[in-house]
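> Just one file: entry_33.tsv, with TSV, C-alpha atoms.
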```tsv
chain	number	residue	atom	x	y	z
O	1	MET	CA	84.40	99.86	58.61
O	2	ILE	CA	85.51	101.89	61.63
O	3	GLN	CA	88.91	103.56	61.58
O	4	GLN	CA	90.79	105.19	64.42
O	5	LEU	CA	91.70	108.84	63.93
O	6	GLN	CA	95.47	109.20	63.59
O	7	PHE	CA	97.50	112.20	64.73
O	8	PRO	CA	101.15	112.90	63.95
O	9	GLU	CA	103.44	112.09	66.88
O	10	PRO	CA	103.51	114.55	68.63
O	11	ALA	CA	100.96	117.00	67.30
O	12	GLN	CA	102.99	119.96	66.07
O	13	GLY	CA	102.96	122.91	68.48
O	14	ALA	CA	100.93	121.10	71.11
O	15	VAL	CA	103.54	119.11	72.99
O	16	ASP	CA	107.10	119.91	73.94
O	17	PRO	CA	108.49	116.84	75.73
O	18	ALA	CA	111.76	118.59	76.63
O	19	ALA	CA	109.91	121.50	78.24
O	20	GLY	CA	107.75	119.04	80.17
O	21	GLU	CA	110.79	117.21	81.50
O	22	THR	CA	112.45	120.50	82.44
O	23	ALA	CA	109.34	121.67	84.31
O	24	LYS	CA	109.13	118.31	86.10
O	25	ALA	CA	112.79	118.48	87.16
O	26	ASP	CA	112.37	122.06	88.37
O	27	GLY	CA	109.29	121.13	90.41
O	28	MET	CA	111.00	118.10	91.94
O	29	ALA	CA	114.04	120.20	92.88
O	30	LEU	CA	111.81	122.81	94.51
O	31	ALA	CA	109.90	120.15	96.45
O	32	ALA	CA	113.12	118.47	97.59
O	33	ALA	CA	114.64	121.78	98.69
O	34	ASN	CA	111.58	122.53	100.84
O	35	THR	CA	111.32	119.12	102.49
O	36	GLU	CA	112.01	118.89	106.22
O	37	PRO	CA	115.29	116.97	106.66
O	38	ASP	CA	113.83	114.80	109.45
O	39	TRP	CA	110.96	113.66	107.22
O	40	ALA	CA	113.32	113.09	104.27
O	41	ASP	CA	115.61	110.92	106.44
O	42	ALA	CA	112.67	108.93	107.86
O	43	CYS	CA	111.24	108.41	104.38
O	44	ALA	CA	114.61	107.26	102.99
O	45	ALA	CA	114.94	104.75	105.85
O	46	ALA	CA	111.38	103.50	105.24
O	47	ILE	CA	112.03	103.05	101.51
O	48	GLU	CA	115.25	101.16	102.27
O	49	LEU	CA	113.44	98.85	104.70
O	50	MET	CA	110.73	98.08	102.14
O	51	ALA	CA	113.40	97.60	99.46
O	52	ARG	CA	115.20	95.00	101.59
O	53	ARG	CA	111.95	93.01	101.87
O	54	GLY	CA	111.76	92.66	98.11
O	55	THR	CA	108.00	93.17	97.97
O	56	VAL	CA	106.23	95.55	95.61
O	57	PHE	CA	105.13	98.70	97.43
O	58	GLN	CA	103.88	102.24	97.04
O	59	ALA	CA	104.06	105.37	99.20
O	60	ALA	CA	100.85	104.49	101.04
O	61	ASP	CA	102.45	101.30	102.36
O	62	LEU	CA	105.10	103.33	104.19
O	63	ILE	CA	102.38	105.19	106.08
O	64	ALA	CA	100.21	102.10	106.64
O	65	GLU	CA	103.13	100.31	108.30
O	66	GLY	CA	103.90	103.31	110.50
O	67	LEU	CA	107.35	103.76	108.96
O	68	VAL	CA	106.87	107.43	108.10
O	69	ASP	CA	104.22	110.08	108.68
O	70	GLU	CA	102.25	111.78	105.94
O	71	PRO	CA	104.40	114.61	104.53
O	72	ASP	CA	103.29	118.24	104.77
O	73	SER	CA	102.72	118.14	100.99
O	74	PRO	CA	102.16	115.20	98.64
O	75	ASN	CA	104.84	116.77	96.44
O	76	ARG	CA	107.47	115.37	98.83
O	77	TRP	CA	106.96	111.77	97.69
O	78	GLY	CA	108.29	112.10	94.15
O	79	PRO	CA	111.75	113.38	95.03
O	80	ALA	CA	112.11	110.82	97.84
O	81	PHE	CA	111.36	107.88	95.56
O	82	LEU	CA	113.39	109.24	92.65
O	83	ARG	CA	116.41	109.78	94.93
O	84	ALA	CA	116.17	106.15	96.08
O	85	ALA	CA	115.82	104.98	92.48
O	86	ALA	CA	118.83	107.03	91.36
O	87	ALA	CA	120.85	105.48	94.22
O	88	GLY	CA	119.96	101.97	93.02
O	89	VAL	CA	117.85	101.15	96.09
O	90	ILE	CA	114.55	100.69	94.26
O	91	GLU	CA	113.24	100.38	90.74
O	92	ALA	CA	109.84	101.11	89.27
O	93	VAL	CA	107.93	97.91	88.53
O	94	GLY	CA	104.53	99.17	87.43
O	95	TYR	CA	101.45	101.12	88.40
O	96	ALA	CA	98.50	100.39	90.66
O	97	LYS	CA	95.55	102.17	92.19
O	98	SER	CA	96.68	104.17	95.18
O	99	LYS	CA	95.73	102.69	98.54
O	100	ARG	CA	95.22	106.19	99.98
O	101	ALA	CA	91.54	107.12	100.24
O	102	THR	CA	92.34	110.82	99.90
O	103	VAL	CA	93.38	110.42	96.26
O	104	HIS	CA	90.29	108.43	95.20
O	105	SER	CA	92.12	105.39	93.76
O	106	SER	CA	94.25	107.41	91.36
O	107	ILE	CA	97.09	105.56	89.65
O	108	CYS	CA	100.49	105.63	91.33
O	109	ARG	CA	103.83	104.04	90.64
O	110	THR	CA	104.84	100.85	92.41
O	111	TRP	CA	108.40	100.06	93.45
O	112	GLN	CA	110.56	97.13	94.51
O	113	GLY	CA	114.04	96.89	95.92
O	114	THR	CA	116.64	96.19	93.26
O	115	ALA	CA	118.27	92.78	93.28
O	116	ASP	CA	121.70	94.40	93.84
O	117	TYR	CA	120.44	96.42	96.81
O	118	ARG	CA	118.77	93.40	98.42
O	119	ARG	CA	121.90	91.31	97.92
O	120	ASN	CA	124.23	93.99	99.35
O	121	ALA	CA	121.89	94.85	102.25
O	122	ALA	CA	121.65	91.22	103.38
```
Do you think you could lay out the structure here as C-alpha cells?

Amino acid sequence: MIQQLQFPEPAQGAVDPAAGETAKADGMALAAANTEPDWADACAAAIELMARRGTVFQAADLIAEGLVDEPDSPNRWGPAFLRAAAAGVIEAVGYAKSKRATVHSSICRTWQGTADYRRNAA
C-alpha cells in the first residue's frame, strides 16, 4: 500500500504566512508608488472597460486589445488589478495560462467585472 507523506500545517519554522503577506503588501506599495500616473490611469480605464463587458480577462487581454501599453515593469500589474478589486470593479474568478509569450504560459489570475459594477456602469 502506498501512503502519502504528511507534514504538519505549516511546517514549524519554515513558513510564516504573516511575514509573507507583509512582504507582498510592501512590494505592491513600492510598485504602485513607482508607477507612472499616465500608465496607471490608462490601465484603470482599460480594466473598467473590460469589467463592463462582463467577460473573463487577464492583463494580456488589455494589451492585445490596444487598451494599454506594456508597463515598464511587470510589477505594475498587481497593484493595478488589486486596486480595481478593492474598489469593487472586478473580482478574481480563477487562473489560466498567461497569453503573453514572454512568460512562457505561466499561470496568472483571471478577472471579471463584478455584477454590481456592471449594473451601475450600464
> Might you pull out every residue within 10 Å of O:Ala84, with all atoms listed in the file counted and same-chain residues fewer than 2 positions away left off, and present them as a PyMOL selection string?
chain O and resi 43-45+47-48+51+79-82+86-91+113
> I need the residue nearest O:Ala121 from this list: O:Arg52, O:Leu5, O:Ala46, O:Thr22. Use all atoms listed in the file for the distance.
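So, comparing all the options, the nearest one is O:Arg52.
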> Can you work out the spacing between atom CA of O:Trp39 and atom CA of O:Leu62 in Å, to one decimal?
12.3 Å
> Would you place a box with edges along x, y and z of the file around all atoms of stretch 75-94 of chain O listed there, add 6 Å to each of its six sides, and report the centre and edge lengths in Å to one decimal, as JSON?

```
{"center_x": 112.7, "center_y": 107.3, "center_z": 93.1, "size_x": 28.3, "size_y": 30.9, "size_z": 23.4}
```
> Please compute the atom CA of O:Asp72-atom CA of O:Lys24 distance, one decimal, in Å.
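One can read the atom CA of O:Asp72 to atom CA of O:Lys24 distance as 19.6 Å.
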> Calculated over all atoms listed in the file, which of the candidates O:Val68, O:Ala23, O:Met28, O:Val93 has the smallest distance to O:Trp111?
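Closest to O:Trp111 of all the choices is O:Val93.
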> What gap, in Å, lies between atom CA of O:Ala31 and atom CA of O:Gly78?
8.5 Å
> Which residue is closest to O:Ala29? Choose from O:Thr110, O:Lys99, O:Asn75, O:Tyr117 and count all atoms listed in the file.
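Of O:Thr110, O:Lys99, O:Asn75, O:Tyr117, the one nearest O:Ala29 is O:Asn75, counting all atoms listed in the file.
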> Tell me, as a list of chain:residue names, which residues lie within 12 Å of O:Ala64, counting all atoms listed in the file; anything in the same chain fewer than 5 positions away does not count.
O:Ala46, O:Phe57, O:Gln58, O:Ala59, O:Asp69, O:Glu70, O:Lys99, O:Arg100, O:Ala101
> I need the residues from that last selection saved to file as a short mmCIF file (atom, residue, chain, number, x, y, z; two decimals), in the coordinates of the input (with C-alpha atoms), if you can.

```
data_model
loop_
_atom_site.label_atom_id
_atom_site.label_comp_id
_atom_site.auth_asym_id
_atom_site.auth_seq_id
_atom_site.Cartn_x
_atom_site.Cartn_y
_atom_site.Cartn_z
CA ALA O 46 111.38 103.50 105.24
CA PHE O 57 105.13 98.70 97.43
CA GLN O 58 103.88 102.24 97.04
CA ALA O 59 104.06 105.37 99.20
CA ASP O 69 104.22 110.08 108.68
CA GLU O 70 102.25 111.78 105.94
CA LYS O 99 95.73 102.69 98.54
CA ARG O 100 95.22 106.19 99.98
CA ALA O 101 91.54 107.12 100.24
#
```
> Which is closer to O:Leu30 than all the others in O:Arg53, O:Arg118, O:Lys97, O:Arg76, using all atoms listed in the file?
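Result for the nearest residue to O:Leu30: O:Arg76.
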> Just checking: using all atoms listed in the file, which residue out of O:Ala42, O:Val103, O:Cys108, O:Ala85 ends up closest to O:Ile63?
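Nearest to O:Ile63: O:Ala42.
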> Please return stretch 56-78 of chain O, rebuilt to N, CA and C atoms, as a PDB file, in the coordinates of the input.

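The resulting file, selection24.pdb, is shown below:
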```pdb
ATOM      1  N   VAL O  56     106.670  94.380  96.375  1.00  0.00           N
ATOM      2  CA  VAL O  56     106.230  95.550  95.610  1.00  0.00           C
ATOM      3  C   VAL O  56     105.466  96.458  96.575  1.00  0.00           C
ATOM      4  N   PHE O  57     105.773  97.769  96.511  1.00  0.00           N
ATOM      5  CA  PHE O  57     105.130  98.700  97.430  1.00  0.00           C
ATOM      6  C   PHE O  57     104.924 100.057  96.782  1.00  0.00           C
ATOM      7  N   GLN O  58     104.133 100.870  97.452  1.00  0.00           N
ATOM      8  CA  GLN O  58     103.880 102.240  97.040  1.00  0.00           C
ATOM      9  C   GLN O  58     103.964 103.127  98.284  1.00  0.00           C
ATOM     10  N   ALA O  59     103.908 104.428  98.096  1.00  0.00           N
ATOM     11  CA  ALA O  59     104.060 105.370  99.200  1.00  0.00           C
ATOM     12  C   ALA O  59     103.081 105.087 100.342  1.00  0.00           C
ATOM     13  N   ALA O  60     101.856 104.743 100.007  1.00  0.00           N
ATOM     14  CA  ALA O  60     100.850 104.490 101.040  1.00  0.00           C
ATOM     15  C   ALA O  60     101.253 103.367 101.989  1.00  0.00           C
ATOM     16  N   ASP O  61     102.016 102.415 101.511  1.00  0.00           N
ATOM     17  CA  ASP O  61     102.450 101.300 102.360  1.00  0.00           C
ATOM     18  C   ASP O  61     103.397 101.778 103.460  1.00  0.00           C
ATOM     19  N   LEU O  62     104.188 102.798 103.175  1.00  0.00           N
ATOM     20  CA  LEU O  62     105.100 103.330 104.190  1.00  0.00           C
ATOM     21  C   LEU O  62     104.326 103.917 105.355  1.00  0.00           C
ATOM     22  N   ILE O  63     103.228 104.592 105.044  1.00  0.00           N
ATOM     23  CA  ILE O  63     102.380 105.190 106.080  1.00  0.00           C
ATOM     24  C   ILE O  63     101.607 104.099 106.807  1.00  0.00           C
ATOM     25  N   ALA O  64     101.024 103.171 106.052  1.00  0.00           N
ATOM     26  CA  ALA O  64     100.210 102.100 106.640  1.00  0.00           C
ATOM     27  C   ALA O  64     101.008 101.274 107.645  1.00  0.00           C
ATOM     28  N   GLU O  65     102.296 101.100 107.391  1.00  0.00           N
ATOM     29  CA  GLU O  65     103.130 100.310 108.300  1.00  0.00           C
ATOM     30  C   GLU O  65     103.728 101.161 109.423  1.00  0.00           C
ATOM     31  N   GLY O  66     103.402 102.440 109.440  1.00  0.00           N
ATOM     32  CA  GLY O  66     103.900 103.310 110.500  1.00  0.00           C
ATOM     33  C   GLY O  66     105.381 103.630 110.369  1.00  0.00           C
ATOM     34  N   LEU O  67     105.928 103.516 109.159  1.00  0.00           N
ATOM     35  CA  LEU O  67     107.350 103.760 108.960  1.00  0.00           C
ATOM     36  C   LEU O  67     107.673 105.238 108.782  1.00  0.00           C
ATOM     37  N   VAL O  68     106.686 105.990 108.309  1.00  0.00           N
ATOM     38  CA  VAL O  68     106.870 107.430 108.100  1.00  0.00           C
ATOM     39  C   VAL O  68     105.490 108.089 108.190  1.00  0.00           C
ATOM     40  N   ASP O  69     105.477 109.330 108.622  1.00  0.00           N
ATOM     41  CA  ASP O  69     104.220 110.080 108.680  1.00  0.00           C
ATOM     42  C   ASP O  69     103.903 110.669 107.312  1.00  0.00           C
ATOM     43  N   GLU O  70     102.668 111.071 107.154  1.00  0.00           N
ATOM     44  CA  GLU O  70     102.250 111.780 105.940  1.00  0.00           C
ATOM     45  C   GLU O  70     103.079 113.058 105.836  1.00  0.00           C
ATOM     46  N   PRO O  71     103.621 113.374 104.666  1.00  0.00           N
ATOM     47  CA  PRO O  71     104.400 114.610 104.530  1.00  0.00           C
ATOM     48  C   PRO O  71     103.483 115.840 104.573  1.00  0.00           C
ATOM     49  N   ASP O  72     104.078 117.004 104.746  1.00  0.00           N
ATOM     50  CA  ASP O  72     103.290 118.240 104.770  1.00  0.00           C
ATOM     51  C   ASP O  72     102.698 118.557 103.402  1.00  0.00           C
ATOM     52  N   SER O  73     103.243 117.965 102.352  1.00  0.00           N
ATOM     53  CA  SER O  73     102.720 118.140 100.990  1.00  0.00           C
ATOM     54  C   SER O  73     102.934 116.830 100.236  1.00  0.00           C
ATOM     55  N   PRO O  74     101.965 116.425  99.434  1.00  0.00           N
ATOM     56  CA  PRO O  74     102.160 115.200  98.640  1.00  0.00           C
ATOM     57  C   PRO O  74     103.289 115.341  97.625  1.00  0.00           C
ATOM     58  N   ASN O  75     103.731 116.551  97.373  1.00  0.00           N
ATOM     59  CA  ASN O  75     104.840 116.770  96.440  1.00  0.00           C
ATOM     60  C   ASN O  75     106.167 116.264  96.981  1.00  0.00           C
ATOM     61  N   ARG O  76     106.222 115.869  98.233  1.00  0.00           N
ATOM     62  CA  ARG O  76     107.470 115.370  98.830  1.00  0.00           C
ATOM     63  C   ARG O  76     107.781 113.941  98.405  1.00  0.00           C
ATOM     64  N   TRP O  77     106.746 113.178  98.016  1.00  0.00           N
ATOM     65  CA  TRP O  77     106.960 111.770  97.690  1.00  0.00           C
ATOM     66  C   TRP O  77     107.835 111.571  96.465  1.00  0.00           C
ATOM     67  N   GLY O  78     107.565 112.296  95.407  1.00  0.00           N
ATOM     68  CA  GLY O  78     108.290 112.100  94.150  1.00  0.00           C
ATOM     69  C   GLY O  78     109.795 112.183  94.303  1.00  0.00           C
TER      70      GLY O  78
END
```
